[in-house]
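Following: one structure in structure tokens, then a few remarks.
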There are 4 protein chains.
Amino acid sequence: MGDFQVRTDLALEAKESYEADDVRIRGVRVKEEKDEEKEIYTTTVVIETENGARAMGKPAGTYITLEAPNMSAPDEGYHREISEELAHHLRELMKGVCPPDGSVLVVGLGNREVTPDALGPDVVNNLNITRHMIRVYGRISDELRTSGEVSAIVPGVMAQTGMETVEIIRGVVEETQPDVVIVIDALAARSTKRLNRTIQITDTGINPGSGVGNHRNAINQEELGVPVIAVGVPTVVDAATIVNDTLEELIVQMDRSDRMQQLGGTLGTLDHAEKHQMIRELISPHLNTMFVTPKDIDETVKYLSYTISEGLNIAFSGKER
Amino acid sequence: MGDFQVRTDLALEAKESYEADDVRIRGVRVKEEKDEEKEIYTTTVVIETENGARAMGKPAGTYITLEAPNMSAPDEGYHREISEELAHHLRELMKGVCPPDGSVLVVGLGNREVTPDALGPDVVNNLNITRHMIRVYGRISDELRTSGEVSAIVPGVMAQTGMETVEIIRGVVEETQPDVVIVIDALAARSTKRLNRTIQITDTGINPGSGVGNHRNAINQEELGVPVIAVGVPTVVDAATIVNDTLEELIVQMDRSDRMQQLGGTLGTLDHAEKHQMIRELISPHLNTMFVTPKDIDETVKYLSYTISEGLNIAFSGKER
Amino acid sequence: MGDFQVRTDLALEAKESYEADDVRIRGVRVKEEKDEEKEIYTTTVVIETENGARAMGKPAGTYITLEAPNMSAPDEGYHREISEELAHHLRELMKGVCPPDGSVLVVGLGNREVTPDALGPDVVNNLNITRHMIRVYGRISDELRTSGEVSAIVPGVMAQTGMETVEIIRGVVEETQPDVVIVIDALAARSTKRLNRTIQITDTGINPGSGVGNHRNAINQEELGVPVIAVGVPTVVDAATIVNDTLEELIVQMDRSDRMQQLGGTLGTLDHAEKHQMIRELISPHLNTMFVTPKDIDETVKYLSYTISEGLNIAFSGKER
Amino acid sequence: MGDFQVRTDLALEAKESYEADDVRIRGVRVKEEKDEEKEIYTTTVVIETENGARAMGKPAGTYITLEAPNMSAPDEGYHREISEELAHHLRELMKGVCPPDGSVLVVGLGNREVTPDALGPDVVNNLNITRHMIRVYGRISDELRTSGEVSAIVPGVMAQTGMETVEIIRGVVEETQPDVVIVIDALAARSTKRLNRTIQITDTGINPGSGVGNHRNAINQEELGVPVIAVGVPTVVDAATIVNDTLEELIVQMDRSDRMQQLGGTLGTLDHAEKHQMIRELISPHLNTMFVTPKDIDETVKYLSYTISEGLNIAFSGKER
């Protein structure tokens, strides 16, 4: 697609862009499930081969996407059904990697001063932190008896720290030797339709080109030496992406609409490369430093971060529910 | 322009959109000044008649715009030259309305939980509040001797309070009877180029259709019974506006570019209304609840709010500088 | 007790200081209840006469105190049993004053920048605000059908606003005409033993000499023209009070202990006034601007504010539970 | 003094408690300077020997204390004279340890959710962070040409992270290899008189028994492998310490005052150990988890953190001033 990078952190969207072209990708396995009652739609994308990874632009591994239309709406129980679904998938991914009472380091990525990027820090705020209590007092209470050893850090972003986020995390991992690292991050989606209603859980960690901000180096098993599970929610769309998509839509419309037929015919004489050259020229370079987010993003991040931290708390409690 | 509303809170941009059409508006007077040394560009738009007001889509009054390319860049002195320029214009607008030691109520509009909308609350955070000290202890210090009686409030937004912001302010004004109200607000610009480098000062207050959020009722002399000066900085652009502008640019390009000539010709057969109908259809309704803002908006709002609160502090100090 | 003012905002503690002296006060009725299962202890003090009011140093009215030893401990359900108990008492006090679907203005008193004083602002953060939705859209959802019209404001403290808090509230009340005002405030207790485990609910509002900070004017029906219910939790003790109490304890000990007998005898030759003169001289005037609070006050205020806002949400939902 | 630990993080106060006893300590050198014009009082305590260290209860090294009565008062220039004094001492301590353009890791200790403990995190908020820019773009601007490579982290406290703060810092130091670590912390003073008007700078780092919160393990060269300079301001006094000191004062008064003579004589028959046994019994164990701080601590921490971060910014700018 030339040098304009349409950015999406969602494997689901990467897959869809291929499906639009009616292509089935070898080395990629997809499973869809609907829980009509709970209104949760689960898509599991497993990238099994290097070929699949290349095609998807994402490393091999498992990508689970929970979609729920009302995820960020106010709810008396803070969407416990979603927290439980998230906990279920986390436990599945942690199997063989970390025992129920093993040690987990949760990393809240992102910038707590920028509302849509504060998801990670906010999730950490509501976690049950247990490592220090277990180490100092032992597993003295009912809750601590079965619990994982949970620690957490909010490393900040590069403009605040002067360091790559992965440098900070690697240092903390080497010192404290957790069995697994779980990173929480705000993601960039390709489409506004998916904002704030989708949770992606993956055992591949965070990989370059993902996320909102400038914590962009890979945060994965290769870098940290321990397995890394990433939990993300798309809270922004790149401004350039929105404009790009509208222009692409324009080209599609031109081919279809009655009145546009004549025009479309003409535009059709431009080849694919020429069309995208045109789009690139129209997109202001300013837009590459901008993002799009909903006006009620404060409420949304508040609810979502609570739902996710409850999911983590359930997953680490060591109790089957 | 049909029912898609391109929103700008800047009189400067409203004026420009006319100039683009080579129209001079009767009842609107414009003065431009450049301070090359300080790199501050000042545009004063005075809407003098009802005709001018209708044409501009803004109430009659004075609109001063300070533009400075480096306004939100880090600066050791926090851009004191801009603070002083702002103070100068505030004092001019307050002349005849409020004596130097008169009483001023500053209102920090916006939502402190949404980064680009936190400008108003952040400005209030750094103000020198003096009213209670003058009332309780008298003008006992050198500073209090000449100072205005400064009070301030951060009313919050409707989703937080359940009240129109103007209801809250009206109540406080009736109780405390200030000579003048100064509201600080984050604005919506039409173009990303103007974000975070422009301050608008107006004696018309805040009028419907302005701003980022949902504090949308008029906050002006008519509503409050005392003169209202508004100080605003554009920190966001409506998402729909950005897409609209790119599409408008596409139409312009089509008329110009070599390869597009043929296309342009065809598109040219669409009349103005048809073109905008096309644009409206392409803009997702989702976009109307979205805004665009820079990724480093946290730093920007921190610097800008400091520069503005210093401007207010100087203006209310009662000292000529 | 001379001019050193031992400050308590709790009617319960005012009562106890009398009981210590084995005095029963005419015009004051006290009822105690224990719910052993829920571990909630409820004390209702009704000051019925002017005589009782004078004796207690508090205006006539009803003071309900809920005590629960684990109130600020982490709890999966955020102490829903306490929220429900609080809701029950609120509904009782609101009977005859405000119908279930009437309008309520909640005021979060205190300074959100000082941790133990942030209780009021934090409670408002978690409230279900409904007034604007009911007014704009009507009672369209199941939840809105029975709900009260809830609005809320966080007025800030005098150092931030330059205004008496009561001025701000009075203005808002006059504009929006709620049936009842409910103020939430952090209180000062006399003893550290009661901190963060006690909720006081009273239909007398806030009266001078109460609270942590400088929002000290009366906020009651007389000032606002509508009934005022105050909900408070003691989160601090005045520093001078703690020192005073230890010195008083010293005097008591001297009379009791074996080895102190001799000393006590001597000290006993000082009369009551002399003893307190001695105490006053020992208490540094610095201490009057200081407060004492627990080191984990951040966690405590987070949990407590959640429990209280849930109590308010239940009370205003209009549903019997 | 028995098992009740009067805690002070200030070497100055440790010294004074000896002087009160008219003892001169071998191995401890003290220098006092007054800058009457700037109203800054500087005391340098150098603990030179193990004997001195034992006597003072602090490790050998240099402790510089800046005292300025108006340090936390509002000031138009944010007390630039204090920032510059602080920068001067930092540069002196960094000589031989870190070249002017060397790499510095600043650590903001403490809990940003508890107002008097937020000093460290707040200082980091206002720092000029340069390491990432120098590494990515080079020393391209005038400012970067001479600047140190500044990085920073806010590790949080153990209740938030589940980790010892020193574990986190050690990990980050090992990854990023700074020449020197500078930790900023809120301290506990012994006396309220010293709160918020004293800055202590020491090349010994942070050592057990210091500080407000639970980040209590040593953070020094021995633990981190690089030199550690600590900058601290006392913002709290332990609640038990205040009560203890008042009782000690009572004993002193008894020996002095006319009317107390008789009493004092009696109390004098108690030996030192008996007196302190009496005090210990009077101090409630609750008090050990409590601290005392001024009511306007929010304003104070805001001003102080700004003054300190400016001091650091000057020190790291690489420019002589």
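To be explicit about the labels: the chains of the structure tokens are called A, B, and onward in the order shown, and within each one the residues are counted from 1, while ligands get numbers from 1 in the order they are shown.
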How close does chain C get to chain D? List, as a tab-separated table, each residue of chain C within 6 Å, its nearest atom pair and the distance in Å to one decimal, counting only C-alpha atoms.
residue	atom	partner	partner_atom	distance
C:Glu113	CA	D:Asp298	CA	5.9
C:Val114	CA	D:Thr115	CA	5.6
C:Thr115	CA	D:Val114	CA	5.6
C:Val243	CA	D:Val243	CA	5.4
C:Leu263	CA	D:Thr266	CA	5.9
C:Thr266	CA	D:Leu263	CA	5.9
C:Thr289	CA	D:Pro294	CA	5.7
C:Met290	CA	D:Pro294	CA	4.1
C:Phe291	CA	D:Val292	CA	5.5
C:Val292	CA	D:Val292	CA	4.4
C:Thr293	CA	D:Met290	CA	5.3
C:Pro294	CA	D:Met290	CA	4.2
C:Lys295	CA	D:Met290	CA	5.6
C:Asp298	CA	D:Glu113	CA	5.9
Surrounding residues of Gly52 (chain B) excluding itself and chain neighbours under 3 positions, 7 Å, only C-alpha atoms, as a list of chain:residue names: B:Ile25, B:Arg26, B:Gly27, B:Val28, B:Ile47, B:Glu48, B:Thr49, B:Ala55, B:Met56
Polymer residues at most 8 Å from Val180 (chain D), only C-alpha atoms, same-chain spacing of 2 or more positions, as number ranges by chain: D: 94, 97-98, 103-105, 178, 182, 226-229
Export, as an mmCIF file, in the first residue's frame, the selected residues with C-alpha atoms.
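Written output follows (out-v9.cif):
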data_model
loop_
_atom_site.group_PDB
_atom_site.id
_atom_site.type_symbol
_atom_site.label_atom_id
_atom_site.label_comp_id
_atom_site.auth_asym_id
_atom_site.auth_seq_id
_atom_site.Cartn_x
_atom_site.Cartn_y
_atom_site.Cartn_z
ATOM 1 C CA MET D 94 28.450 15.233 41.167
ATOM 2 C CA VAL D 97 31.215 11.188 39.706
ATOM 3 C CA CYS D 98 29.471 12.371 36.561
ATOM 4 C CA SER D 103 23.960 10.435 32.285
ATOM 5 C CA VAL D 104 21.680 10.964 35.257
ATOM 6 C CA LEU D 105 18.729 8.865 36.366
ATOM 7 C CA PRO D 178 23.566 5.943 34.379
ATOM 8 C CA ILE D 182 19.467 11.189 42.044
ATOM 9 C CA VAL D 226 26.508 3.667 41.134
ATOM 10 C CA PRO D 227 26.729 6.817 43.286
ATOM 11 C CA VAL D 228 23.397 7.963 44.707
ATOM 12 C CA ILE D 229 22.573 11.528 45.675
#
Residue contacts of Ser72 (chain A) (8 Å, only C-alpha atoms) excluding same-chain residues fewer than 5 positions away, as a ChimeraX atom specification: /A:196-197,300-301,303-304
Who sits within 12 Å of Ile206 (chain D), only C-alpha atoms, same chain under 3 positions skipped, as a PyMOL selection string: chain D and resi 9-10+58-59+61+63+107+109+165-166+181-187+200-203+209-212+215-224+227-232
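Between CA of Pro100 (chain B) and CA of Ile308 (chain B) the interatomic distance comes to 18.6 Å.
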Within 6 Å of region 125-131 of chain C using only C-alpha atoms, minus same-chain residues under 2 positions, as a PyMOL selection string: (chain B and resi 162) or (chain C and resi 122-123+133-134+149-151+309)
Output the selection as an mmCIF file, in the first residue's frame - N, CA, C and O atoms for each residue.
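Once everything was written out, this is selection16.cif:
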data_model
loop_
_atom_site.group_PDB
_atom_site.id
_atom_site.type_symbol
_atom_site.label_atom_id
_atom_site.label_comp_id
_atom_site.auth_asym_id
_atom_site.auth_seq_id
_atom_site.Cartn_x
_atom_site.Cartn_y
_atom_site.Cartn_z
ATOM 1 N N GLY B 162 -24.927 17.240 35.675
ATOM 2 C CA GLY B 162 -26.357 17.180 35.401
ATOM 3 C C GLY B 162 -26.979 18.547 35.178
ATOM 4 O O GLY B 162 -28.192 18.670 35.022
ATOM 5 N N ASP C 122 -14.411 12.771 45.463
ATOM 6 C CA ASP C 122 -14.346 11.399 44.944
ATOM 7 C C ASP C 122 -15.719 10.738 44.922
ATOM 8 O O ASP C 122 -16.025 9.956 44.018
ATOM 9 N N VAL C 123 -16.544 11.022 45.923
ATOM 10 C CA VAL C 123 -17.901 10.455 45.923
ATOM 11 C C VAL C 123 -18.663 10.953 44.687
ATOM 12 O O VAL C 123 -19.311 10.174 43.981
ATOM 13 N N MET C 133 -30.186 14.160 31.680
ATOM 14 C CA MET C 133 -30.781 13.184 30.772
ATOM 15 C C MET C 133 -32.300 13.203 30.874
ATOM 16 O O MET C 133 -33.000 13.189 29.865
ATOM 17 N N ILE C 134 -32.805 13.257 32.114
ATOM 18 C CA ILE C 134 -34.267 13.299 32.297
ATOM 19 C C ILE C 134 -34.832 14.572 31.660
ATOM 20 O O ILE C 134 -35.877 14.537 31.008
ATOM 21 N N GLU C 149 -33.938 13.060 40.158
ATOM 22 C CA GLU C 149 -33.160 13.935 39.255
ATOM 23 C C GLU C 149 -31.886 14.332 39.984
ATOM 24 O O GLU C 149 -31.902 15.244 40.810
ATOM 25 N N VAL C 150 -30.780 13.665 39.667
ATOM 26 C CA VAL C 150 -29.558 13.859 40.429
ATOM 27 C C VAL C 150 -28.614 14.825 39.711
ATOM 28 O O VAL C 150 -28.261 14.618 38.549
ATOM 29 N N SER C 151 -28.244 15.888 40.399
ATOM 30 C CA SER C 151 -27.194 16.773 39.907
ATOM 31 C C SER C 151 -26.102 16.830 40.974
ATOM 32 O O SER C 151 -26.303 16.383 42.099
ATOM 33 N N SER C 309 -20.708 6.482 47.446
ATOM 34 C CA SER C 309 -21.414 6.844 46.207
ATOM 35 C C SER C 309 -22.387 5.738 45.818
ATOM 36 O O SER C 309 -23.479 6.027 45.326
#
